[in-house]
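Visitor: This is query03.txt (compact mmCIF, C-alpha atoms).
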```
# COMPACT_ATOMS: atom_id res chain seq x y z
CA MET A 26 106.38 98.85 95.97
CA ARG A 27 106.13 98.12 99.63
CA SER A 28 109.84 98.69 100.15
CA ILE A 29 109.59 102.03 98.33
CA GLU A 30 106.69 103.13 100.51
CA GLN A 31 108.61 102.10 103.62
CA ASN A 32 111.61 104.15 102.49
CA LEU A 33 109.68 107.15 101.19
CA ASP A 34 111.23 109.53 103.71
CA LYS A 35 114.71 108.48 102.66
CA PHE A 36 113.80 108.98 99.03
CA ARG A 37 112.43 112.44 99.82
CA GLN A 38 115.57 113.37 101.71
CA ALA A 39 117.63 112.25 98.73
CA GLY A 40 115.41 114.35 96.46
CA ILE A 41 114.11 111.32 94.58
CA ARG A 42 110.52 111.05 93.45
CA PRO A 43 109.44 107.44 92.98
CA VAL A 44 106.87 106.84 90.25
CA ALA A 45 105.28 103.46 89.51
CA ILE A 46 104.05 102.66 85.99
CA SER A 47 101.93 99.75 84.80
CA VAL A 48 99.11 99.00 82.36
CA ASP A 49 96.55 99.15 85.18
CA SER A 50 93.83 101.78 84.84
CA PRO A 51 93.65 104.81 87.18
CA ASP A 52 90.69 103.12 88.90
CA VAL A 53 92.60 99.92 89.55
CA ASN A 54 95.58 101.94 90.78
CA ARG A 55 93.41 104.03 93.09
CA GLY A 56 91.89 100.89 94.57
CA MET A 57 95.31 99.37 95.10
CA LEU A 58 96.69 102.54 96.68
CA GLU A 59 93.82 102.65 99.12
CA GLN A 60 94.16 98.99 99.95
CA ALA A 61 97.94 98.92 100.29
CA GLY A 62 98.37 102.42 101.68
CA TYR A 63 100.84 103.57 99.04
CA THR A 64 101.26 107.35 98.90
CA PHE A 65 103.59 107.90 95.95
CA THR A 66 102.66 108.46 92.31
CA PHE A 67 101.13 105.64 90.27
CA LEU A 68 100.65 106.18 86.54
CA SER A 69 98.53 104.22 84.07
CA ASP A 70 99.82 103.11 80.71
CA PRO A 71 96.98 100.89 79.41
CA ASN A 72 98.09 101.23 75.77
CA THR A 73 101.76 100.55 76.63
CA ASP A 74 102.85 103.93 75.17
CA ALA A 75 105.62 104.61 77.66
CA ILE A 76 106.26 100.91 78.21
CA ARG A 77 106.94 100.53 74.48
CA ARG A 78 109.15 103.63 74.39
CA TYR A 79 111.29 102.08 77.12
CA ASP A 80 111.25 98.73 75.29
CA LEU A 81 109.71 96.90 78.22
CA VAL A 82 106.69 95.24 76.59
CA HIS A 83 106.13 91.71 77.78
CA ALA A 84 103.76 90.59 75.07
CA GLY A 85 100.62 88.65 75.93
CA GLN A 86 101.54 88.07 79.56
CA GLY A 87 98.51 89.69 81.12
CA ILE A 88 95.07 88.29 81.72
CA ASP A 89 93.30 87.76 78.36
CA GLY A 90 96.65 87.94 76.57
CA HIS A 91 97.09 91.62 77.32
CA ASP A 92 100.55 93.13 76.86
CA VAL A 93 102.11 94.17 80.17
CA SER A 94 105.39 95.67 81.31
CA ARG A 95 108.37 93.59 82.33
CA PRO A 96 109.81 94.78 85.66
CA ALA A 97 112.45 97.51 85.35
CA GLU A 98 113.68 100.54 87.27
CA PHE A 99 115.28 103.74 85.94
CA LEU A 100 116.78 106.63 87.89
CA ILE A 101 116.52 109.81 85.85
CA ASP A 102 118.26 113.07 86.79
CA SER A 103 116.77 116.55 86.51
CA SER A 104 118.13 116.97 82.98
CA GLY A 105 116.15 113.89 81.91
CA THR A 106 119.18 111.65 81.55
CA VAL A 107 119.17 108.04 82.76
CA ARG A 108 121.71 107.78 85.57
CA TRP A 109 121.04 104.25 86.77
CA ALA A 110 118.96 101.39 85.41
CA ASN A 111 118.01 97.93 86.55
CA LEU A 112 116.57 95.44 84.09
CA THR A 113 116.13 92.35 86.19
CA GLU A 114 116.49 88.91 84.67
CA ASN A 115 114.31 87.34 87.31
CA TYR A 116 110.74 88.45 87.90
CA TRP A 117 111.11 88.09 91.67
CA VAL A 118 114.38 89.96 91.99
CA ARG A 119 113.88 93.73 92.01
CA ALA A 120 116.00 96.74 92.83
CA ARG A 121 116.33 97.35 96.55
CA PRO A 122 115.85 100.87 97.93
CA GLU A 123 119.45 100.88 99.18
CA GLN A 124 120.74 100.39 95.63
CA VAL A 125 118.65 103.28 94.34
CA LEU A 126 119.61 105.56 97.23
CA GLU A 127 123.27 104.71 96.65
CA ALA A 128 122.94 105.61 92.97
CA ALA A 129 121.05 108.78 93.91
CA LYS A 130 124.06 110.09 95.83
CA ALA A 131 125.75 110.88 92.50
CA LEU A 132 122.90 113.13 91.41
CA GLN A 133 123.27 116.90 91.59
CA MET B 12 97.52 51.57 119.76
CA LYS B 13 95.03 52.78 117.19
CA ALA B 14 96.08 56.44 117.41
CA LEU B 15 99.67 55.48 116.67
CA ARG B 16 98.60 53.84 113.43
CA PHE B 17 97.64 57.19 111.93
CA ASN B 18 100.27 58.03 109.35
CA TRP B 19 100.69 61.68 110.31
CA GLN B 20 104.01 62.08 108.52
CA ILE B 21 102.52 61.66 105.08
CA TRP B 22 99.76 64.17 105.79
CA ALA B 23 102.14 66.64 107.40
CA GLY B 24 104.48 66.29 104.42
CA PHE B 25 101.66 66.91 101.99
CA LEU B 26 100.28 69.92 103.87
CA LEU B 27 103.74 71.37 104.29
CA SER B 28 104.49 71.12 100.55
CA PHE B 29 101.28 72.98 99.91
CA ALA B 30 101.78 75.60 102.63
CA ALA B 31 105.41 76.17 101.68
CA SER B 32 104.45 76.89 98.06
CA LEU B 33 101.80 79.39 99.11
CA SER B 34 104.09 80.97 101.68
CA TYR B 35 106.40 82.34 98.99
CA PRO B 36 103.95 84.50 97.00
CA LEU B 37 101.90 85.37 100.09
CA ILE B 38 104.56 85.99 102.71
CA PHE B 39 108.19 85.70 101.73
CA VAL B 40 108.09 87.96 98.65
CA ASN B 41 107.70 90.87 101.05
CA TRP B 42 111.34 90.91 102.08
CA PRO B 43 114.25 90.97 99.61
CA VAL B 44 116.23 88.53 101.80
CA THR B 45 113.62 85.80 101.37
CA ARG B 46 112.43 86.91 97.93
CA ASP B 47 115.56 87.13 95.79
CA PHE B 48 116.24 83.49 96.49
CA PRO B 49 113.40 81.36 97.96
CA TRP B 50 115.58 79.66 100.56
CA VAL B 51 112.91 79.54 103.30
CA THR B 52 110.57 77.73 100.97
CA LEU B 53 113.35 75.34 99.94
CA ILE B 54 114.10 74.50 103.58
CA LEU B 55 110.40 73.83 104.16
CA TYR B 56 110.46 71.55 101.11
CA VAL B 57 113.35 69.56 102.51
CA ILE B 58 111.40 69.04 105.75
CA ALA B 59 108.33 68.10 103.72
CA ALA B 60 110.36 65.63 101.67
CA VAL B 61 111.70 63.94 104.81
CA LEU B 62 108.18 63.67 106.25
CA LEU B 63 106.89 62.24 102.97
CA LEU B 64 109.69 59.72 102.81
CA VAL B 65 109.05 58.55 106.37
CA GLY B 66 105.31 58.49 105.65
CA VAL B 67 105.69 56.40 102.52
CA ARG B 68 108.01 53.97 104.29
CA ARG B 69 105.49 53.64 107.09
CA ALA B 70 102.65 53.04 104.65
CA PHE B 71 104.59 50.33 102.88
CA ALA B 72 105.76 48.64 106.08
CA PRO B 73 104.55 45.04 106.63
CA GLY B 74 101.05 44.79 108.05
CA ARG B 75 99.79 47.99 106.47
CA SER B 76 96.57 47.89 104.49
CA ARG B 77 96.41 48.40 100.76
CA LYS B 78 94.32 51.52 101.41
CA ALA B 79 97.14 53.06 103.43
CA LYS B 80 99.58 52.32 100.62
CA ILE B 81 97.34 53.91 97.99
CA ALA B 82 96.62 56.98 100.10
CA ALA B 83 100.30 57.50 100.84
CA SER B 84 101.22 57.09 97.17
CA ILE B 85 98.62 59.65 96.08
CA LEU B 86 99.65 62.20 98.70
CA ALA B 87 103.34 61.74 97.96
CA THR B 88 102.76 62.13 94.21
CA LEU B 89 100.64 65.25 94.69
CA SER B 90 103.32 66.75 96.90
CA VAL B 91 106.02 66.09 94.34
CA VAL B 92 103.85 67.71 91.64
CA ILE B 93 103.19 70.78 93.81
CA ILE B 94 106.87 71.16 94.64
CA GLY B 95 107.86 70.65 91.01
CA LEU B 96 105.40 73.26 89.74
CA PHE B 97 106.54 75.79 92.30
CA LEU B 98 110.22 75.29 91.58
CA PHE B 99 109.55 75.53 87.86
CA SER B 100 107.61 78.77 88.15
CA ILE B 101 109.97 80.46 90.61
CA LEU B 102 113.32 79.30 89.32
CA ILE B 103 112.66 78.96 85.58
CA MET B 104 109.47 80.74 84.46
CA ALA B 105 110.46 83.87 86.43
CA ARG B 106 113.40 84.26 84.04
CA TRP B 107 111.24 84.30 80.94
CA LEU B 108 111.49 88.04 80.51
CA PRO B 109 112.04 89.85 77.19
CA ALA B 110 115.60 91.11 76.68
CA SER B 111 114.71 94.83 76.21
CA HIS B 112 117.75 95.76 74.12
CA GLY B 113 116.09 99.06 73.23
CA ALA B 114 115.65 100.21 76.81
CA PRO B 115 117.32 103.57 77.52
CA GLN B 116 120.79 103.04 78.92
CA VAL B 117 122.78 104.99 81.48
CA GLY B 118 123.85 108.29 79.94
CA GLN B 119 121.00 108.32 77.42
CA LYS B 120 118.03 110.64 77.44
CA ALA B 121 114.96 109.07 79.06
CA PRO B 122 112.02 109.03 76.62
CA ASP B 123 109.32 111.48 77.67
CA PHE B 124 105.77 110.28 78.22
CA SER B 125 102.43 111.56 79.39
CA LEU B 126 100.29 109.20 81.46
CA ALA B 127 97.22 109.40 83.67
CA ASP B 128 97.62 109.42 87.44
CA THR B 129 95.03 107.94 89.83
CA ASN B 130 92.83 111.03 89.38
CA GLY B 131 92.91 110.67 85.61
CA GLN B 132 95.16 113.74 85.32
CA SER B 133 97.81 113.57 82.64
CA VAL B 134 101.35 113.72 84.00
CA SER B 135 104.50 113.96 81.88
CA LEU B 136 108.06 112.97 82.76
CA SER B 137 109.20 116.60 82.51
CA GLN B 138 106.49 117.57 85.01
CA LEU B 139 107.62 114.80 87.36
CA LEU B 140 111.18 116.11 87.10
CA SER B 141 110.32 119.75 87.69
CA SER B 142 107.39 119.87 90.12
CA PRO B 143 108.42 120.04 93.79
CA ILE B 144 108.35 117.04 96.11
CA ASN B 145 106.25 117.72 99.18
CA GLY B 146 108.54 116.91 102.05
CA PRO B 147 107.76 116.99 105.77
CA GLN B 148 109.62 120.28 106.27
CA LYS B 149 109.92 121.96 102.92
CA SER B 150 109.17 121.22 99.32
CA SER B 151 111.95 121.25 96.77
CA THR B 152 112.60 120.41 93.15
CA PRO B 153 113.57 116.75 92.86
CA LYS B 154 117.11 115.75 92.03
CA GLY B 155 115.70 112.85 90.13
CA VAL B 156 112.79 110.56 89.41
CA LEU B 157 112.79 106.82 89.98
CA LEU B 158 110.61 105.10 87.39
CA VAL B 159 109.41 101.70 88.55
CA PHE B 160 107.81 99.71 85.76
CA TYR B 161 105.85 96.70 86.95
CA ARG B 162 103.49 94.13 85.62
CA GLY B 163 100.26 95.31 87.24
CA TYR B 164 97.15 93.25 87.78
CA TRP B 165 96.42 92.70 84.07
```
For the structure just supplied, provide its representation as structure tokens.
Guide:
Amino acid sequence: MRSIEQNLDKFRQAGIRPVAISVDSPDVNRGMLEQAGYTFTFLSDPNTDAIRRYDLVHAGQGIDGHDVSRPAEFLIDSSGTVRWANLTENYWVRARPEQVLEAAKALQ
Amino acid sequence: MKALRFNWQIWAGFLLSFAASLSYPLIFVNWPVTRDFPWVTLILYVIAAVLLLVGVRRAFAPGRSRKAKIAASILATLSVVIIGLFLFSILIMARWLPASHGAPQVGQKAPDFSLADTNGQSVSLSQLLSSPINGPQKSSTPKGVLLVFYRGYW
């Protein structure tokens, strides 16, 4: 998240809108945005609707055995087609902004 | 001579094991270079291990009290447990992620969704793809949307 925020200008120049999705409520997200200074879009999926549709449910991994999302990144073009995806196998290893920006070059 | 008797190596080793473990989630996850593989933490562990080894040898040297031996043993054991737990969680538990065979693949249509933003307003994927990005100079329709799914605080 931090690396996205730091590269937000580059994403804008590339025409890419970053959007973060988790099970956190809008209130929790708002608090985090204020605290961390993030300025891009954060969406709430408390009932794992979208998370389930993308097959990313990590069952019972949250506090109180809540379902959460596993980490994953998708680059979607203006026609709604997935053009690049990263399903990490290690929780700590995420997509780097350079990888996304490289993949974004192929987008019309 | 009394000051020299203080077994600082064992304490330094113990504190370093502890600090090194905390340094990863608190500091080194912030940069991909130190996050993707926790090499800084591992180097700190090696230093901690050397200190612990020297400390234990000192504690078990002739003329040392039983108290010193017990204290050194406890600290060394705790350090090993801390290091073991950290390595287990970072190197093994971090890979316990579901396979996600049903995730949309490259070339496939991304499933649409409608979710609340931080103001409680419902936002759909098609809206995200069509509404303009507010840039510093001009606003324009995005070429694409990067969806970043993450665990959250739950």
Visitor: Could you please tell me, as a PDB file with C-alpha atoms, in the coordinates of the input, which residues of chain A have an atom within 7 Å of chain B when using all atoms listed in the file?
Guide:
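Generated output (part.pdb):
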```
ATOM      1  CA  ARG A  37     112.430 112.440  99.820  1.00  0.00           C
ATOM      2  CA  GLY A  40     115.410 114.350  96.460  1.00  0.00           C
ATOM      3  CA  ILE A  41     114.110 111.320  94.580  1.00  0.00           C
ATOM      4  CA  ARG A  42     110.520 111.050  93.450  1.00  0.00           C
ATOM      5  CA  PRO A  43     109.440 107.440  92.980  1.00  0.00           C
ATOM      6  CA  VAL A  44     106.870 106.840  90.250  1.00  0.00           C
ATOM      7  CA  ALA A  45     105.280 103.460  89.510  1.00  0.00           C
ATOM      8  CA  ILE A  46     104.050 102.660  85.990  1.00  0.00           C
ATOM      9  CA  SER A  47     101.930  99.750  84.800  1.00  0.00           C
ATOM     10  CA  VAL A  48      99.110  99.000  82.360  1.00  0.00           C
ATOM     11  CA  ASP A  49      96.550  99.150  85.180  1.00  0.00           C
ATOM     12  CA  PRO A  51      93.650 104.810  87.180  1.00  0.00           C
ATOM     13  CA  ASP A  52      90.690 103.120  88.900  1.00  0.00           C
ATOM     14  CA  ASN A  54      95.580 101.940  90.780  1.00  0.00           C
ATOM     15  CA  ARG A  55      93.410 104.030  93.090  1.00  0.00           C
ATOM     16  CA  PHE A  67     101.130 105.640  90.270  1.00  0.00           C
ATOM     17  CA  LEU A  68     100.650 106.180  86.540  1.00  0.00           C
ATOM     18  CA  SER A  69      98.530 104.220  84.070  1.00  0.00           C
ATOM     19  CA  ASP A  70      99.820 103.110  80.710  1.00  0.00           C
ATOM     20  CA  ALA A  75     105.620 104.610  77.660  1.00  0.00           C
ATOM     21  CA  ARG A  78     109.150 103.630  74.390  1.00  0.00           C
ATOM     22  CA  TYR A  79     111.290 102.080  77.120  1.00  0.00           C
ATOM     23  CA  ASP A  80     111.250  98.730  75.290  1.00  0.00           C
ATOM     24  CA  LEU A  81     109.710  96.900  78.220  1.00  0.00           C
ATOM     25  CA  HIS A  83     106.130  91.710  77.780  1.00  0.00           C
ATOM     26  CA  GLY A  87      98.510  89.690  81.120  1.00  0.00           C
ATOM     27  CA  ILE A  88      95.070  88.290  81.720  1.00  0.00           C
ATOM     28  CA  HIS A  91      97.090  91.620  77.320  1.00  0.00           C
ATOM     29  CA  VAL A  93     102.110  94.170  80.170  1.00  0.00           C
ATOM     30  CA  SER A  94     105.390  95.670  81.310  1.00  0.00           C
ATOM     31  CA  ARG A  95     108.370  93.590  82.330  1.00  0.00           C
ATOM     32  CA  PRO A  96     109.810  94.780  85.660  1.00  0.00           C
ATOM     33  CA  ALA A  97     112.450  97.510  85.350  1.00  0.00           C
ATOM     34  CA  GLU A  98     113.680 100.540  87.270  1.00  0.00           C
ATOM     35  CA  PHE A  99     115.280 103.740  85.940  1.00  0.00           C
ATOM     36  CA  LEU A 100     116.780 106.630  87.890  1.00  0.00           C
ATOM     37  CA  ILE A 101     116.520 109.810  85.850  1.00  0.00           C
ATOM     38  CA  ASP A 102     118.260 113.070  86.790  1.00  0.00           C
ATOM     39  CA  SER A 103     116.770 116.550  86.510  1.00  0.00           C
ATOM     40  CA  GLY A 105     116.150 113.890  81.910  1.00  0.00           C
ATOM     41  CA  THR A 106     119.180 111.650  81.550  1.00  0.00           C
ATOM     42  CA  VAL A 107     119.170 108.040  82.760  1.00  0.00           C
ATOM     43  CA  ARG A 108     121.710 107.780  85.570  1.00  0.00           C
ATOM     44  CA  TRP A 109     121.040 104.250  86.770  1.00  0.00           C
ATOM     45  CA  ALA A 110     118.960 101.390  85.410  1.00  0.00           C
ATOM     46  CA  GLU A 114     116.490  88.910  84.670  1.00  0.00           C
ATOM     47  CA  ASN A 115     114.310  87.340  87.310  1.00  0.00           C
ATOM     48  CA  TYR A 116     110.740  88.450  87.900  1.00  0.00           C
ATOM     49  CA  TRP A 117     111.110  88.090  91.670  1.00  0.00           C
ATOM     50  CA  VAL A 118     114.380  89.960  91.990  1.00  0.00           C
ATOM     51  CA  LEU A 132     122.900 113.130  91.410  1.00  0.00           C
ATOM     52  CA  GLN A 133     123.270 116.900  91.590  1.00  0.00           C
TER      53      GLN A 133
END
```
Visitor: Could you tell me how far CA of Val125 in chain A sits from CA of Gly56 in chain A, in Å to one decimal place?
Guide: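 Result for CA of Gly56 in chain A versus CA of Val125 in chain A: 26.9 Å, one decimal.
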Visitor: Find, counting only C-alpha atoms, the residue in B:Leu96, B:Ala87, B:Leu53, B:Leu63 that gets nearest to Trp19 in chain B.
Guide: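 Answer, going by the shortest atom-to-atom distance: B:Leu63.
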Visitor: What box, with edges along x, y and z, holds each listed atom of range 65-76 of chain B when 3 Å is added on every side, and can you state its centre and edge lengths in Å to one decimal, as lines of an AutoDock Vina configuration file?
Guide:
```
center_x = 102.8
center_y = 51.7
center_z = 105.3
size_x = 18.5
size_y = 19.8
size_z = 11.5
```
Visitor: Hey, can you check how far CA of Ser28 in chain A sits from CA of Glu59 in chain A?
Guide: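 Rounded to one decimal, the two atoms are 16.5 Å apart.
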Visitor: Write out as a list in words which residues come within 10 Å of Leu62 in chain B when counting all atoms listed in the file, dropping same-chain ones fewer than 6 positions away.
Guide: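 The filter keeps Trp19, Gln20, Ile21, Trp22, Ala23, Gly24, Phe25, Leu27, Tyr56, Arg68 and Ala87 of chain B.
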Visitor: Go ahead and compute the interatomic distance for CA of Val65 in chain B and CA of Gly95 in chain B, in Å to one decimal.
Guide: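 Separating CA of Val65 in chain B from CA of Gly95 in chain B is a distance of 19.6 Å.
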Visitor: Taking only C-alpha atoms into account, name the residue in A:Asp34, A:Met26, A:Pro71, A:Glu123 that is nearest to Val53 in chain A.
Guide: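 Of A:Asp34, A:Met26, A:Pro71, A:Glu123, the one nearest Val53 in chain A, counting only C-alpha atoms, is A:Pro71.
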